[in-house]
Structures are given as C-alpha cells and as structure tokens.
Amino acid sequence: MKPYLLLLTGLLFSIFLRAQPEFKTYPNGLIYSEATMGKLHRIVDSLNLKYKSCELNHPYYSTMQAKAHIVILEKGKLREAKKDMEQGMPFEDFLKKYPEATVRRNALIIRSIYSDYQDKQVVEYSEVNMNHNYGLEIRRARTDSMAGKQGSWLYDREEESLKAFYFTTALSSALLKESYARRIGYSDCLVDTSTNKFKSDASYGEANLPENWQALPEQEKIKLLDKMRSTKVMGYCSMDSRPRMHAVNIALLSAETVNWEIFLRSHLDIMNDRFDRMTDASYAWARRQTYIKELEDLDINVPELILGISLRVENPSRNHYYGSIGRLGRAISESNQKDDFEKEMLSMVADPELDDYNRVVSYFLYNSYLSYLYSGKDNTEKNQKLKAAVAGLPGYIKENVKWKEQD
C-alpha cells in the first residue's frame with residue numbers, strides 16, 4: 001500500500017500547488033496593478049516610433065545542421081574501430097567489419113558554439129531526437145575544419161564505448177526568408193539587445209523590496225532598481241520562489257522608473273522560468289505560470305515576439321533572447337490568441353523554405369502547446385492538423401516521429 005499512498009500524496013500536493021497563486025494578483029487579473037500597467041502602456045506608446053524604424057531586414061542564417069548516421073560500439077575492438085574512423089573508413093565498410101555496432105540512420109545533427117561556466121569555448125554537435133528523448137552529444141574544445149564534412153566521422157571514445165556521427169551531408173546554414181528574419185528583428189526591437197537584466201558585476205545575495213516602495217521618491221526607486229540588478233538570487237530547490245519573486249520585483253521597479261528594456265527581460269525570464277537553482281524537481285513546475293496575459297494587455301505583437309524568440313539562428317544579435325520551447329508552448333496554451341499561434345506554428349512546420357531544424361523546433365513548440373492545452377482531453381482534431389503539417393517534412397525526419405495513440 002505504501003507506493004499508492006506516496007502516489008496519492010504526490011497528486012494531492014500537485015493539486016495544492018496548482019490551487020495556490022504564485023504571485024499577488026490585482027483586480028485586473030494580472031500580477032501588475034492597474035497603475036503599473038498604465039505606466040507600461042505609456043512606455044509602449046512612446047516607443048512605437050522606435051519600433052517602426054527598427055532594422056527588421058537584417059539577414060539571419062539557420063543553425064549549422066547536417067544529416068548523419070549514429071554508430072555506437074560498446075564492446076569489441078574499440079581502439080581499432082577508433083583508428084578506422086580516424087582513417088576515414090567508409091560507413092558500409094565499417095558496418096561489415098563491426099556488425100555488433102548499434103546504428104541509428106539519418107539523424108538531424110546541429111552544431112552549437114557557446115562558452116561554458118569557466119568561460120571556455122565549447123563546440124557541441126547534437127542529435128535532434130524527434131521524440132523528446134536525449135540524443136547523442138559530442139563536444140570539442142575548439143572548431144575543427146574537418147568536423148561535419150560529408151563522409152567524415154566525429155567520435156567520442158570512452159573507456160567502455162565508442163560513439164560517433166558519420167555525416168552523410170555536410171554541415172550547412174541557409175539564409176532565412178524575410179518573414180522569419182523580421183520576426184527575429186521584431187523580438188530584438190522589443191527585447192533590447194544592448195541591455196541585460198543584471199549588471200555585469202552582479203553578485204549572488206539577497207535584495208528585498210520594502211513594503212512602502214511605491215511611496216519612495218523617484219531617485220530612491222532608481223537606486224533600489226540598481227541594487228536589485230546588482231544582486232542575483234540563487235534558488236536552493238524547486239520550491240524556492242525567491243528567484244522568480246526577485247524578477248517580479250525588478251519588473252515592478254522597471255515599470256515605475258520607465259525602464260522598458262529591463263522590464264521585458266525580467267518578465268520574459270518569469271515566462272521562460274530562466275533562473276539559477278541548485279535543484280529543480282518537476283512537481284514544482286505546475287505552480288510557475290507564464291503570465292503571457294500581462295504582455296497581451298500591452299500594445300505589442302505578442303505572436304511575433306514569441307515566434308521570434310523561438311527561431312534558432314547561427315548569427316543572433318549579441319544578447320538576443322532565446323525562449324524555452326517547452327515554456328513558450330505552455331504560454332501559448334494560456335494565450336487569448338491561440339488561433340493565430342496555431343496557424344503560424346503549423347505553417348512553419350510545413351514550410352519547405354524554412355530550414356529543417358527550425359521546422360522541427362516549430363513541431364516541438366506545437367506539441368508543447370497541445371500538451372498543456374489538452375492535458376487529459378481529446379486533441380484529435382489538432383493532432384490531425386499537426387500530422388498534415390508533418391507530412392511535408394523531409395522523409396528522414398518524419399519517419400522518426402512516433403505518434404501517441406489517442407484514448
């Protein structure tokens with residue numbers, strides 16, 4: 001009986017979390033008061049001319065991507081197999097020599113370059129798994145001109161295994177068409193890429209908002225915002241709400257002191273749940289809302305913003321804001337513009353002029369949206385629309401999509 005009691009306890013705890021409001025909600029139904037929303041409306045109105053003159057035709061290129069077979073050897077002559085890869089043994093010859101190898105054919109591979117926590121460059125080659133599972137990842141400390149060439153191997157040798165990509169096409173990047181580039185440009189207009197939420201010298205600590213903060217003089221509010229932006233809050237566990245509360249406080253002070261750039265980055269961090277935590281268990285996720293309605297109440301094009309930060313590109317602007325696909329899907333499920341979102345997401349999945357990786361990202365976005373919109377309910381009609389869009393994907397991608405049977 002004990003497992004059933006634990007399950008029941010977990011379910012009741014989850015229901016309790018959902019029932020509890022995360023932040024104070026005002027009579028307008030939002031987490032910002034009528035007065036704060038009024039100030040934000042005035043900020044948006046005053047910046048409309050700037051938005052119209054933004055550079056919306058900047059060329060953007062898709063993330064570097066390729067097709068590859070995945071080979072995994074977990075026994076046998078690993079050292080010899082590694083040497084054969086280094087010498088460029090053809091793929092079919094390799095399989096004849098090592099029939100015990102596990103093979104996954106025709107995977108989508110992307111290359112990402114980023115800095116790790118020690119500020120060292122990392123080049124990562126990742127399998128994009130179509131069924132939300134973790135794919136193979138191979139990391140390098142620097143770029144290699146030979147990595148990702150058609151007919152080349154890229155391997156990772158561990159003590160008891162050898163894992164590799166065999167590239168059947170070369171890594172490449174394509175120019176995004178204007179309609180997609182404009183979405184990215186629009187998101188950069190709204191989410192100012194010259195500004196960060198935290199100051200460069202910010203350190204971890206605590207910074208609380210006093211109860212009488214709204215009565216403070218303007219200069220005191222500006223000083224308080226500076227203090228908030230100089231302090232990062234680390235969450236101790238998944239139930240620790242302090243990082244999110246800190247972001248709300250920064251958003252409130254930003255609105256009061258007419259700092260749209262800081263406000264929007266703070267609000268998007270809340271929406272995308274982008275915070276430092278020591279641990280983060282899934283049972284706490286239900287309580288953390290996305291608060292898309294606060295953005296929809298302002299005079300901005302929310303679908304263009306959300307879709308703009310969902311697209312992945314090789315040459316983003318410095319400090320470009322990327323959204324979390326899972327969290328954005330949940331936000332869309334809470335939107336009052338669901339029909340517009342659905343139409344655009346399905347169009348992106350089906351668009352042969354969009355690169356394969358962004359079409360897959362759009363597929364994941366729509367799937368996330370459905371999982372929150374129709375949790376436990378019939379979503380046959382919307383799934384059929386997604387299947388119709390997926391039918392237009394390249395064969396090597398759509399053949400790896402597994403559809404769940406409808407109840």
# chains A, B, ... in the order shown; residues from 1 in each chain; ligands from 1
$ residues_around --residues "A:Gly329" --least-positions-apart "5" --cutoff "12 Å" --atoms "only C-alpha atoms" --output "ChimeraX atom specification"
/A:271-272,289-290,292,303,306-307,310,323-324,334-335,338,341-342,345,361-374
$ residues_around --residues "stretch 99-104 of chain A" --least-positions-apart "4" --cutoff "8 Å" --atoms "only C-alpha atoms" --output "list of chain:residue names"
A:His69, A:Ile70, A:Val71, A:Ile72, A:Leu73, A:Glu74, A:Leu95
$ write_last_selection --atoms "C-alpha atoms" --output "PDB file, in the first residue's frame"
ATOM      1  CA  HIS A  69      24.206   8.130 -39.084  1.00  0.00           C
ATOM      2  CA  ILE A  70      24.843   7.398 -35.405  1.00  0.00           C
ATOM      3  CA  VAL A  71      27.097   4.480 -34.524  1.00  0.00           C
ATOM      4  CA  ILE A  72      27.619   3.095 -31.014  1.00  0.00           C
ATOM      5  CA  LEU A  73      30.083   0.356 -30.088  1.00  0.00           C
ATOM      6  CA  GLU A  74      30.008  -0.893 -26.523  1.00  0.00           C
ATOM      7  CA  LEU A  95      29.438  -1.898 -40.509  1.00  0.00           C
TER       8      LEU A  95
END
$ residues_around --residues "stretch 209-212 of chain A" --least-positions-apart "3" --cutoff "7 Å" --atoms "only C-alpha atoms" --output "MDAnalysis selection string"
chainID A and resid 215:216 249
$ residues_around --residues "A:Met239" --least-positions-apart "5" --cutoff "9 Å" --atoms "only C-alpha atoms" --output "compact mmCIF listing (two decimals) with N, CA and C atoms, in the first residue's frame"
# COMPACT_ATOMS: atom_id res chain seq x y z
N ASP A 280 15.92 21.24 -9.19
CA ASP A 280 14.63 21.67 -9.74
C ASP A 280 13.79 20.45 -10.08
N ALA A 281 12.97 20.01 -9.15
CA ALA A 281 12.10 18.86 -9.36
C ALA A 281 10.85 19.26 -10.14
N TYR A 283 7.78 18.42 -9.88
CA TYR A 283 6.50 18.62 -9.20
C TYR A 283 6.25 20.08 -8.85
N ALA A 284 7.27 20.92 -8.92
CA ALA A 284 7.08 22.35 -8.62
C ALA A 284 6.75 23.16 -9.86
N TRP A 285 6.87 22.56 -11.05
CA TRP A 285 6.68 23.33 -12.27
C TRP A 285 5.24 23.81 -12.44
$ closest_residue --among "A:Ala255, A:Ile31, A:Leu154, A:Leu108" --to "A:Asp84" --atoms "only C-alpha atoms"
A:Leu154
$ residues_around --residues "stretch 178-183 of chain A" --least-positions-apart "5" --cutoff "7 Å" --atoms "only C-alpha atoms" --output "number ranges by chain"
A: 56-60, 304-305, 307-308
$ closest_residue --among "A:Asn319, A:Ala174, A:Trp403, A:Gly235" --to "A:Asp355" --atoms "only C-alpha atoms"
A:Ala174
